[in-house]
Structures are given as C-alpha cells and as structure tokens.
>>> print(open('start.csv').read())   # CSV, C-alpha atoms
chain,number,residue,atom,x,y,z
G,157,MET,CA,74.8,40.4,90.4
G,158,THR,CA,76.1,37.1,91.8
G,159,VAL,CA,79.5,36.0,90.6
G,160,ILE,CA,81.3,32.7,90.8
G,161,ILE,CA,84.8,32.5,92.1
G,162,GLY,CA,86.4,29.4,90.8
G,163,MET,CA,89.5,28.2,92.7
G,164,ASP,CA,92.3,25.7,91.9
G,165,PRO,CA,93.8,25.1,95.4
G,166,HIS,CA,97.3,24.0,96.4
G,167,LYS,CA,99.1,23.7,99.7
G,168,ARG,CA,100.9,27.1,99.4
G,169,SER,CA,99.1,28.9,96.6
G,170,ALA,CA,95.6,29.2,95.0
G,171,THR,CA,94.6,30.5,91.6
G,172,ILE,CA,91.1,32.1,91.3
G,173,GLU,CA,88.9,33.3,88.5
G,174,VAL,CA,85.8,35.4,88.8
G,175,ILE,CA,83.0,35.0,86.3
G,176,ASP,CA,79.5,36.3,86.1
G,177,ALA,CA,76.2,34.5,85.2
G,178,ALA,CA,77.1,34.8,81.5
G,179,ALA,CA,80.5,33.1,82.1
G,180,LYS,CA,82.3,36.4,81.4
G,181,ILE,CA,85.7,36.5,83.1
G,182,LEU,CA,85.8,39.5,85.5
G,183,ALA,CA,89.1,38.9,87.3
G,184,ILE,CA,91.9,36.4,87.7
G,185,GLY,CA,94.8,36.1,90.1
G,186,ARG,CA,97.2,33.8,92.0
G,187,TYR,CA,97.7,34.2,95.8
G,188,ASP,CA,99.7,32.6,98.5
G,189,THR,CA,97.8,30.6,101.2
G,190,ASP,CA,99.5,32.2,104.2
G,191,ALA,CA,97.9,34.9,106.2
G,192,ALA,CA,99.0,37.7,104.0
G,193,GLY,CA,98.1,36.0,100.8
G,194,PHE,CA,94.7,35.0,102.1
G,195,ALA,CA,93.9,38.5,103.1
G,196,GLU,CA,95.1,39.9,99.8
G,197,MET,CA,92.8,37.4,98.0
G,198,LEU,CA,89.8,38.5,100.0
G,199,THR,CA,90.6,42.1,99.4
G,200,ALA,CA,90.7,41.5,95.6
G,201,VAL,CA,87.1,40.2,95.6
G,202,GLU,CA,85.6,42.7,97.9
G,203,ARG,CA,84.2,44.6,94.9
G,204,PHE,CA,81.9,41.6,94.3
G,205,PRO,CA,79.7,41.7,97.4
G,206,ASP,CA,77.3,38.9,96.1
G,207,ARG,CA,79.8,36.1,95.5
G,208,VAL,CA,80.0,32.3,95.7
G,209,TRP,CA,83.3,30.5,96.0
G,210,ALA,CA,83.6,27.2,94.0
G,211,ILE,CA,86.5,25.1,95.2
G,212,GLU,CA,87.7,21.8,93.8
G,213,GLY,CA,88.5,19.1,96.3
G,214,CYS,CA,86.9,20.5,99.5
G,215,ASN,CA,87.5,17.1,101.2
G,216,GLY,CA,91.1,17.0,100.0
G,217,ILE,CA,93.7,19.6,99.1
G,218,GLY,CA,91.1,22.4,99.1
G,219,ARG,CA,89.8,21.7,102.6
G,220,HIS,CA,92.1,24.1,104.4
G,221,LEU,CA,91.0,27.0,102.2
G,222,ALA,CA,87.3,26.1,102.1
G,223,HIS,CA,87.1,26.0,105.9
G,224,ARG,CA,88.9,29.3,106.3
G,225,LEU,CA,86.5,30.9,103.9
G,226,VAL,CA,83.4,29.4,105.6
G,227,HIS,CA,84.7,30.6,109.0
G,228,ASP,CA,84.9,34.1,107.5
G,229,GLY,CA,81.3,33.9,106.5
G,230,GLU,CA,81.8,33.2,102.8
G,231,VAL,CA,79.5,30.9,100.8
G,232,VAL,CA,81.5,27.9,99.5
G,233,ILE,CA,80.4,25.0,97.3
G,234,ASP,CA,82.4,21.9,96.6
G,235,VAL,CA,83.1,21.0,92.9
G,236,PRO,CA,84.0,17.4,92.3
G,237,ALA,CA,87.3,17.0,90.4
G,238,LYS,CA,85.7,14.7,87.8
G,239,LEU,CA,83.1,17.4,87.0
G,240,SER,CA,85.7,20.1,86.4
G,241,ALA,CA,87.8,17.6,84.4
G,242,GLN,CA,84.8,17.1,82.1
G,243,VAL,CA,84.5,20.8,81.5
G,244,ARG,CA,88.2,21.1,80.8
G,245,VAL,CA,88.0,18.2,78.2
G,246,PHE,CA,85.3,20.0,76.2
G,247,ALA,CA,86.8,23.4,76.4
G,248,THR,CA,89.1,24.9,73.7
G,249,GLY,CA,92.8,24.6,74.5
G,250,ASN,CA,93.5,21.0,73.5
G,251,GLY,CA,93.1,19.7,77.1
G,252,ARG,CA,95.8,21.9,78.5
G,253,LYS,CA,96.0,21.7,82.3
G,254,THR,CA,97.3,24.7,84.1
G,255,ASP,CA,96.2,26.5,87.2
G,256,PRO,CA,94.3,29.3,85.4
G,257,VAL,CA,92.6,26.6,83.2
G,258,ASP,CA,91.7,24.6,86.2
G,259,ALA,CA,90.2,27.6,88.0
G,260,HIS,CA,88.2,28.4,84.9
G,261,SER,CA,86.9,24.9,84.6
G,262,VAL,CA,85.9,24.9,88.3
G,263,ALA,CA,84.0,28.2,87.9
G,264,LEU,CA,82.2,26.9,84.8
G,265,ALA,CA,81.3,23.6,86.5
G,266,ALA,CA,79.8,25.5,89.4
G,267,LEU,CA,77.9,27.8,87.1
G,268,ARG,CA,76.3,25.1,85.0
G,269,ALA,CA,75.9,22.1,87.4
G,270,PRO,CA,72.9,22.2,89.8
G,271,ASN,CA,72.7,21.0,93.4
G,272,LEU,CA,76.4,21.1,94.3
G,273,ARG,CA,77.1,20.6,98.0
G,274,ARG,CA,77.6,23.6,100.1
G,275,VAL,CA,80.4,23.4,102.6
G,276,GLN,CA,79.2,23.8,106.2
G,277,ALA,CA,81.3,24.6,109.2
G,278,ASP,CA,80.4,21.9,111.7
G,279,SER,CA,83.2,21.5,114.2
G,280,GLU,CA,81.7,18.4,115.8
G,281,LEU,CA,81.5,16.5,112.5
G,282,GLU,CA,85.0,17.7,111.6
G,283,ALA,CA,86.3,16.4,114.9
G,284,LEU,CA,84.5,13.1,114.3
G,285,ARG,CA,86.0,12.9,110.8
G,286,MET,CA,89.5,13.4,112.2
G,287,LEU,CA,89.0,10.8,114.8
G,288,VAL,CA,87.8,8.2,112.4
G,289,ASP,CA,90.7,9.0,110.0
G,290,ARG,CA,93.1,8.5,112.9
G,291,ARG,CA,91.4,5.2,113.6
G,292,GLU,CA,91.9,4.0,110.1
G,293,GLU,CA,95.6,5.1,110.1
G,294,LEU,CA,96.1,3.1,113.3
G,295,GLY,CA,94.5,0.1,111.6
G,296,ARG,CA,96.9,0.4,108.6
G,297,ALA,CA,99.9,0.8,110.9
G,298,ARG,CA,98.9,-2.4,112.8
G,299,ALA,CA,98.5,-4.3,109.6
G,300,VAL,CA,102.0,-3.2,108.5
G,301,ALA,CA,103.5,-4.3,111.9
G,302,VAL,CA,101.7,-7.7,111.8
G,303,ASN,CA,103.0,-8.4,108.3
G,304,ARG,CA,106.6,-7.6,109.3
G,305,ILE,CA,106.3,-9.8,112.4
G,306,HIS,CA,104.9,-12.6,110.3
G,307,ARG,CA,107.9,-12.4,107.9
G,308,LEU,CA,110.5,-12.4,110.7
G,309,LEU,CA,108.8,-15.2,112.7
G,310,LEU,CA,108.8,-17.3,109.6
G,311,GLU,CA,112.6,-17.0,109.6
G,312,LEU,CA,112.9,-17.7,113.3
G,313,VAL,CA,110.2,-20.4,113.9
G,314,PRO,CA,109.7,-23.3,111.5
G,315,GLY,CA,106.3,-22.8,109.9
G,316,GLY,CA,105.9,-19.2,111.2
G,317,ALA,CA,102.9,-17.9,113.1
G,318,LYS,CA,99.2,-18.4,112.6
G,319,ARG,CA,97.3,-15.9,110.4
G,320,TRP,CA,95.4,-14.0,113.2
G,321,LEU,CA,98.2,-13.0,115.5
G,322,SER,CA,98.0,-10.9,118.7
G,323,ALA,CA,100.9,-9.1,120.3
G,324,ARG,CA,100.8,-11.5,123.3
G,325,GLN,CA,101.0,-14.6,121.1
G,326,ALA,CA,103.8,-13.1,119.0
G,327,ARG,CA,105.9,-12.2,122.1
G,328,ALA,CA,105.4,-15.7,123.5
G,329,MET,CA,106.7,-17.2,120.2
G,330,ALA,CA,109.7,-14.8,120.1
G,331,GLU,CA,110.7,-15.6,123.7
G,332,GLU,CA,111.1,-19.2,122.9
G,333,VAL,CA,113.7,-18.6,120.1
G,334,VAL,CA,117.3,-19.4,121.0
G,335,ALA,CA,119.5,-16.7,119.5
G,336,GLY,CA,122.7,-18.3,118.3
G,337,ASP,CA,124.3,-16.5,115.4
G,338,PRO,CA,124.4,-12.7,114.9
G,339,ALA,CA,121.7,-12.8,112.2
G,340,THR,CA,119.3,-14.6,114.5
G,341,ARG,CA,120.0,-12.2,117.3
G,342,MET,CA,119.3,-9.2,115.0
G,343,ARG,CA,116.0,-10.8,113.7
G,344,LEU,CA,114.9,-11.4,117.3
G,345,ARG,CA,115.7,-7.9,118.3
G,346,VAL,CA,113.8,-6.4,115.4
G,347,VAL,CA,110.7,-8.6,115.9
G,348,LEU,CA,110.6,-7.7,119.6
G,349,GLU,CA,110.7,-4.0,118.7
G,350,LEU,CA,107.9,-4.5,116.2
G,351,ILE,CA,105.9,-6.4,118.8
G,352,SER,CA,106.3,-3.4,121.2
G,353,ASP,CA,105.1,-1.1,118.5
G,354,MET,CA,102.2,-3.3,117.9
G,355,GLU,CA,101.2,-3.2,121.6
G,356,VAL,CA,101.3,0.6,121.5
G,357,VAL,CA,99.1,0.7,118.4
G,358,ASP,CA,96.7,-1.8,119.9
G,359,ALA,CA,96.3,0.4,123.0
G,360,ARG,CA,95.7,3.5,120.9
G,361,ILE,CA,93.1,1.6,118.8
G,362,LYS,CA,91.3,0.6,121.9
G,363,VAL,CA,91.1,4.2,123.1
G,364,ALA,CA,90.0,5.4,119.6
G,365,ASN,CA,87.2,2.8,119.5
G,366,LYS,CA,86.0,4.0,122.9
G,367,GLU,CA,86.0,7.6,121.8
G,368,LEU,CA,84.3,6.9,118.6
G,369,ARG,CA,81.5,4.9,120.3
G,370,GLU,CA,81.0,7.8,122.8
G,371,SER,CA,81.0,10.4,120.1
G,372,VAL,CA,78.5,8.6,117.9
G,373,THR,CA,76.2,8.0,120.8
G,374,ALA,CA,76.4,11.7,121.8
G,375,THR,CA,75.0,12.6,118.3
G,376,GLY,CA,71.9,10.6,119.0
G,377,SER,CA,72.6,8.3,116.1
G,378,THR,CA,71.4,4.7,116.2
G,379,LEU,CA,73.5,3.4,113.3
G,380,MET,CA,75.5,1.1,115.6
G,381,GLU,CA,72.3,-0.9,116.2
G,382,LEU,CA,72.4,-2.1,112.6
G,383,PRO,CA,74.3,-5.4,112.2
G,384,GLY,CA,77.6,-4.9,110.5
G,385,ILE,CA,78.2,-1.2,111.5
G,386,GLY,CA,80.6,-0.5,114.4
G,387,PRO,CA,81.8,2.7,115.9
G,388,ALA,CA,84.2,3.5,113.0
G,389,GLY,CA,81.6,2.8,110.3
G,390,ALA,CA,78.9,4.9,112.1
G,391,ALA,CA,81.3,7.7,112.5
G,392,ARG,CA,82.4,7.6,108.9
G,393,LEU,CA,78.8,7.7,107.8
G,394,LEU,CA,78.0,10.7,110.0
G,395,ALA,CA,81.1,12.6,109.0
G,396,GLU,CA,80.9,12.0,105.3
G,397,VAL,CA,77.1,12.4,104.9
G,398,GLY,CA,76.5,15.4,107.2
G,399,ASP,CA,72.9,16.3,106.7
G,400,ILE,CA,71.0,13.3,105.3
G,401,ARG,CA,68.3,15.7,104.0
G,402,ARG,CA,70.6,16.8,101.2
G,403,PHE,CA,69.6,13.5,99.5
G,404,ALA,CA,66.0,13.8,98.4
G,405,THR,CA,65.6,10.0,98.0
G,406,ARG,CA,67.4,6.8,98.9
G,407,ASP,CA,68.1,6.3,95.2
G,408,ARG,CA,70.2,9.5,95.2
G,409,PHE,CA,72.0,8.4,98.3
G,410,ALA,CA,72.8,5.0,96.6
G,411,SER,CA,74.1,6.9,93.5
G,412,TRP,CA,76.3,9.0,95.7
G,413,ASN,CA,77.8,6.1,97.6
G,414,GLY,CA,78.4,4.0,94.5
G,415,THR,CA,76.1,1.1,95.3
G,416,ALA,CA,73.7,1.9,92.5
G,417,PRO,CA,74.6,0.1,89.2
G,418,LEU,CA,75.0,2.3,86.2
G,419,ASP,CA,72.5,2.0,83.4
G,420,ALA,CA,74.2,0.7,80.3
G,421,SER,CA,71.1,0.0,78.2
G,422,SER,CA,71.1,0.3,74.4
G,423,GLY,CA,68.0,0.0,72.2
G,424,ASP,CA,65.9,-2.8,73.4
G,425,GLN,CA,68.6,-4.3,75.5
G,426,LYS,CA,68.3,-3.4,79.1
G,427,ARG,CA,71.3,-4.0,81.3
G,428,HIS,CA,73.3,-2.4,84.1
G,429,ARG,CA,77.0,-2.5,85.0
G,430,LEU,CA,79.0,-2.1,88.2
G,431,SER,CA,79.6,1.4,89.4
G,432,ARG,CA,83.1,2.3,90.5
G,433,THR,CA,82.2,5.9,91.2
G,434,GLY,CA,80.8,7.5,94.3
G,435,ASN,CA,82.1,8.0,97.8
G,436,ARG,CA,84.4,5.0,98.2
G,437,LYS,CA,84.8,5.4,102.0
G,438,ILE,CA,81.0,5.0,102.4
G,439,ASN,CA,81.0,2.2,99.9
G,440,ARG,CA,83.6,0.4,102.0
G,441,VAL,CA,81.4,0.8,105.1
G,442,LEU,CA,78.5,-0.7,103.2
G,443,HIS,CA,80.7,-3.5,101.9
G,444,ILE,CA,81.8,-4.5,105.4
G,445,MET,CA,78.2,-4.4,106.5
G,446,ALA,CA,77.1,-6.7,103.6
G,447,VAL,CA,79.9,-9.2,104.4
G,448,VAL,CA,79.0,-9.3,108.0
G,449,GLN,CA,75.3,-9.8,107.3
G,450,GLN,CA,75.8,-12.5,104.7
G,451,CYS,CA,77.7,-14.5,107.4
G,452,GLY,CA,74.4,-14.7,109.2
G,453,TYR,CA,74.1,-11.5,111.2
G,454,GLY,CA,70.9,-9.5,110.4
G,455,GLY,CA,69.3,-11.6,107.6
G,456,GLY,CA,71.7,-10.9,104.8
G,457,ARG,CA,72.5,-14.6,104.3
G,458,VAL,CA,68.8,-15.3,103.4
G,459,TYR,CA,68.8,-12.4,100.9
G,460,VAL,CA,72.0,-13.5,99.2
G,461,LYS,CA,70.7,-17.1,98.9
G,462,LYS,CA,67.4,-15.8,97.4
G,463,ARG,CA,69.3,-13.7,94.8
G,464,LYS,CA,71.6,-16.6,93.9
G,465,ALA,CA,68.6,-18.8,93.4
G,466,GLU,CA,67.4,-16.3,90.8
G,467,GLY,CA,70.5,-16.8,88.8
G,468,LYS,CA,72.8,-14.2,90.4
G,469,THR,CA,76.5,-15.0,91.0
G,470,GLN,CA,78.0,-14.6,94.5
G,471,LYS,CA,79.4,-11.2,93.7
G,472,GLU,CA,76.2,-10.0,92.0
G,473,ALA,CA,74.2,-11.1,95.0
G,474,LEU,CA,76.5,-9.3,97.4
G,475,ARG,CA,76.3,-6.1,95.3
G,476,ALA,CA,72.5,-6.3,95.4
G,477,LEU,CA,72.7,-6.8,99.2
G,478,LYS,CA,74.9,-3.7,99.4
G,479,ARG,CA,72.3,-1.7,97.4
G,480,ARG,CA,69.6,-2.9,99.8
G,481,LEU,CA,71.6,-2.0,102.9
G,482,SER,CA,72.2,1.5,101.4
G,483,ASN,CA,68.4,1.9,101.7
G,484,THR,CA,68.5,0.6,105.3
G,485,VAL,CA,71.2,3.1,106.3
G,486,TYR,CA,69.4,5.9,104.5
G,487,ASN,CA,66.1,5.1,106.3
G,488,ARG,CA,67.8,4.9,109.7
G,489,MET,CA,69.6,8.2,109.2
G,490,VAL,CA,66.4,9.9,108.2
G,491,ALA,CA,64.6,8.4,111.2
G,492,ASP,CA,67.4,9.7,113.5
G,493,GLN,CA,67.1,13.1,112.0
G,494,ARG,CA,63.3,13.2,112.5
G,495,ARG,CA,63.8,12.0,116.1
G,496,ARG,CA,66.2,14.8,116.8
G,497,GLU,CA,63.7,17.3,115.2
G,498,LYS,CA,60.9,15.9,117.4
G,499,ALA,CA,63.0,16.3,120.5
G,500,SER,CA,63.8,20.0,119.7
G,501,PRO,CA,61.1,22.7,119.9
G,502,GLY,CA,58.8,22.8,116.9
G,503,GLY,CA,60.1,19.4,115.6
G,504,GLN,CA,58.1,16.8,113.8
G,505,SER,CA,57.3,13.2,114.7
G,506,GLY,CA,59.9,10.5,113.9
G,507,ALA,CA,59.7,7.4,111.9
G,508,SER,CA,60.9,3.8,112.3
G,509,ALA,CA,63.5,2.2,110.1
G,510,ASP,CA,64.4,-1.4,109.3
G,511,SER,CA,67.6,-2.9,110.8
G,512,CYS,CA,68.6,-5.7,108.4
G,513,ALA,CA,68.5,-6.7,104.8
G,514,THR,CA,65.2,-8.5,105.2
G,515,GLY,CA,63.4,-5.8,107.0
G,516,SER,CA,60.0,-4.3,106.2
G,517,THR,CA,61.1,-1.6,103.8
G,518,PRO,CA,59.2,-2.0,100.5
G,519,HIS,CA,61.3,-3.7,97.8
G,520,THR,CA,62.0,-1.5,94.8
G,521,GLY,CA,64.3,-3.8,92.9
G,522,PRO,CA,67.4,-1.8,93.7
G,523,SER,CA,69.7,-4.0,91.6
G,524,ASP,CA,67.6,-3.4,88.5
G,525,LYS,CA,66.4,0.1,89.1
G,526,PRO,CA,69.3,1.9,90.6
G,527,GLN,CA,69.3,5.4,89.2
G,528,PRO,CA,67.5,8.4,90.6
G,529,GLY,CA,65.1,10.4,88.5
G,530,PRO,CA,66.2,13.3,86.2
G,531,THR,CA,67.8,16.2,88.0
G,532,ILE,CA,65.9,19.4,87.9
G,533,TYR,CA,68.1,22.4,87.3
G,534,GLN,CA,67.4,24.9,90.0
G,535,PHE,CA,69.4,27.3,92.2
G,536,SER,CA,69.3,27.2,96.0
G,537,GLU,CA,70.8,29.5,98.5
G,538,CYS,CA,74.3,28.2,97.8
G,539,GLN,CA,74.1,28.4,94.0
G,540,THR,CA,74.1,31.1,91.4
G,541,PRO,CA,71.0,32.5,89.8
G,542,SER,CA,70.1,31.8,86.2
>>> encode(input="start.csv", output="structure tokens")
Amino acid sequence: MTVIIGMDPHKRSATIEVIDAAAKILAIGRYDTDAAGFAEMLTAVERFPDRVWAIEGCNGIGRHLAHRLVHDGEVVIDVPAKLSAQVRVFATGNGRKTDPVDAHSVALAALRAPNLRRVQADSELEALRMLVDRREELGRARAVAVNRIHRLLLELVPGGAKRWLSARQARAMAEEVVAGDPATRMRLRVVLELISDMEVVDARIKVANKELRESVTATGSTLMELPGIGPAGAARLLAEVGDIRRFATRDRFASWNGTAPLDASSGDQKRHRLSRTGNRKINRVLHIMAVVQQCGYGGGRVYVKKRKAEGKTQKEALRALKRRLSNTVYNRMVADQRRREKASPGGQSGASADSCATGSTPHTGPSDKPQPGPTIYQFSECQTPS
C-alpha cells in the first residue's frame, strides 16, 4: 500500500505526517535536519516501503530536504504552498496554522491533487539555476550601487549625473570635484568607494554572462535565437521548466507561467481578468521579451499595433503579446527537445518553431481563450494510487 508522507520543512527542523490512500493518519513526528535527525526520520518511515514524499516549497525552504531525499533514491513531489493553504482553510480547526497542521495539509493536497511535479535530481540544471540566481543578485547589487552613486553625485556636482551611468563616467565626474570642506571630502571618498564596488560587480557580471551563454549553448538550446531572450533569460527558462514535456499543451505552459488570463465569466457575460499567479520568474522573462519585441525587434510592434487597432489598450496589447510569446517559447523548447531525441539513438525527428510574435504558428486567440482543458485525475509513477 502506497503512503503519502507530508512534510512541513524548516531550516533546522521538519514535521512529517504519514497517511494512507484513505487519508488515515499512520504516523507523525518532528525531526532535526542535521545528519542525525535526517537519518532518524528515514528510519521512522522504513516500515512503509512503498512511500511518496510530499514537500511544500521544493524550490524554496524545502529544497535542501527534497534534494537530499531524491539523492537517497526517494520519490518526492512538490506541493505548492497555495494548494496546501486551500486544504488548510477548508479543514476543521478554524484555520489554525501549526507545523503538524501544515504537514497534514501538504499530505492531503498531494493525495487529492493530480499531476503534481516530481522533483528530479539534475545537477546540470541545478548548477544553471544557481548561476542565473547569482547573475540576478549581481544585477541588484549594481542597481543599489548606481542609485547611491547618483545620490552622492547630485550633492557633489550641480545637476548630478545622467540616468544611464557607467563606472568610468562616474569616476571621471568624481575626479573633477574639488574637495574643500570635510563633508565634501567624505562624500567624495564614499562615492569613489562605491565606484570601485561597481567596477568589481561589472566585471563579475561580464564573467557570469559569458558562463551563462556557454552553459545554455552546451545544452543544445536555441532559445537565445529568439528576439528578447538573452543568456540569463534562456538559463532561467531551462532551469525553471526542466522537462518541457511535463506540459501537455502550450495552454498549460501559459497557465503555469501566468500569461494566460483567468476566466471570470458569469452567466451570458464572457470576460477574462489579469492573472497574477504562476511562475513570476518566467513571467518576467516573457515580459522582457515582449518589451524588446514591441520596440521593433522580432515583429512584436506590428502585433501590438494590430491589437490596439482592435480596441485594446497598450497594457492589454502587451499582455496579449506575452501570451503569444509564451506559445513561441513553448514551441521552441519542444523543438529543441525533439532535436536532442533525434540526435540520440532511437530518437524521433524534430520540428521547427517560430522565432517572433508574427511567426507561422496558428493563431488560437490566446488572449481570449487562455485556459487549458479540464484536468483528468490520474496517477503517474510519482503519485499515489486511487
């Protein structure tokens, strides 16, 4: 009999609850996440040989435990926090939120919800994820340094500096300042230190961009050929999506990344509203892609003008473009996957994909028909039996 082990993870502890297919509680416990506590937790569930671990936040706080379990050969599925929260709201207990309650909600969500993502141990994708995370951290650090430099230069130079400022330009402006009083000398000292920090960050960003480009190329992906997707965007797509085949259709991919509007129809009134759900990191990549294409790269400008002529506002037209570009990215990733399968023994032939918003992909009215079809409840190898 397969059992579900729901886990509420923390940095130094984890609470688990074991339930069977009838949602009967078989065991519960709290364990430390160090080596001794982790071994004790595995020993406690050895009497359930056919088990599936359901962990909340496998891309967040639960990542360290999920990966340790996967490396030990355990089956782990990722339970979204919003899904377990919905279970907790409708459970008895007046919405109490404790570690045992959270573990119970995670286990029930995994038992009842179909098609939850199975956590895979792919060291190459994990390394790519870490590299793109580091690249984003460097970008934020540079933005902070530039903002501080702008503030100090405004106090040192009348009118301050221009908006887009490089380290070389900032240093040239600072070197022209005549330090008279102690406050000016201190401002000049601080701004020169910030410029030095900015130069270090710029050098690291350059190295990170080169490594990302090489890593994405090594995977055989052609995402960087699409207008508006650079090395960081392509790496983020590969790291977050993983196997594109887990999305049966491009509509499901759009629903996952948040570019598909939500159906808000009532009675005879048919309308949709903006979705603020989904993977926001991928949504940001698609937003940058849409902004670049509407500026004239890749045909997005023509598409936006067409939608605005139909009565859409600028924001609505841009959202429709993002939805269409989601289809483009999905088709390209599917084509890349088929190309890799063709190159390997026993593979199948590949397929071509469009590279811009006005490509040859059949138009399906993505801004008006965003949602995938009804989900069929079924269990796969990473889910529990009925």
>>> residues_around(input="start.csv", residues="region 189-193 of chain G", least_positions_apart="6", cutoff="10 Å", atoms="only C-alpha atoms", output="list in words")
Pro165, His166, Lys167, Arg168, Ser169, Ala170, Thr199, His220 and Leu221 of chain G
>>> atom_distance(input="start.csv", atom1="CA of Val208 (chain G)", atom2="CA of Leu393 (chain G)")
27.4 Å
>>> atom_distance(input="start.csv", atom1="CA of Arg207 (chain G)", atom2="CA of Arg408 (chain G)")
28.3 Å
>>> residues_around(input="start.csv", residues="Thr340 (chain G)", least_positions_apart="6", cutoff="9 Å", atoms="all atoms listed in the file", output="list in words")
Glu311, Leu312, Val333 and Val334 of chain G
>>> residues_around(input="start.csv", residues="region 439-454 of chain G", least_positions_apart="6", cutoff="10 Å", atoms="all atoms listed in the file", output="NGL selection string")
:G and (382-386 or 388-390 or 392-393 or 410 or 412-415 or 432-433 or 460-461 or 473-482 or 485 or 511-515)
>>> closest_residue(input="start.csv", among="G:Val201, G:Val231, G:Val275, G:Leu287", to="Val363 (chain G)", atoms="all atoms listed in the file")
G:Leu287
>>> atom_distance(input="start.csv", atom1="CA of Leu344 (chain G)", atom2="CA of Arg327 (chain G)")
10.2 Å
>>> closest_residue(input="start.csv", among="G:Pro270, G:Gly376, G:Pro236, G:Gly185", to="Arg494 (chain G)", atoms="all atoms listed in the file")
G:Gly376
>>> residues_around(input="start.csv", residues="Ala263 (chain G)", least_positions_apart="4", cutoff="8 Å", atoms="all atoms listed in the file", output="list in words")
Ile160, Ile161, Gly162, Met163, Glu173, Val174, Ile175, Ala210, Ala259 and Leu267 of chain G
>>> residues_around(input="start.csv", residues="Arg298 (chain G)", least_positions_apart="6", cutoff="9 Å", atoms="all atoms listed in the file", output="list in words")
Asp353, Met354, Val357 and Asp358 of chain G
>>> closest_residue(input="start.csv", among="G:Leu348, G:Val235, G:Val243, G:Leu182", to="Ala222 (chain G)", atoms="all atoms listed in the file")
G:Val235
>>> closest_residue(input="start.csv", among="G:Arg252, G:Lys238, G:Lys180, G:Arg186", to="Leu198 (chain G)", atoms="only C-alpha atoms")
G:Arg186
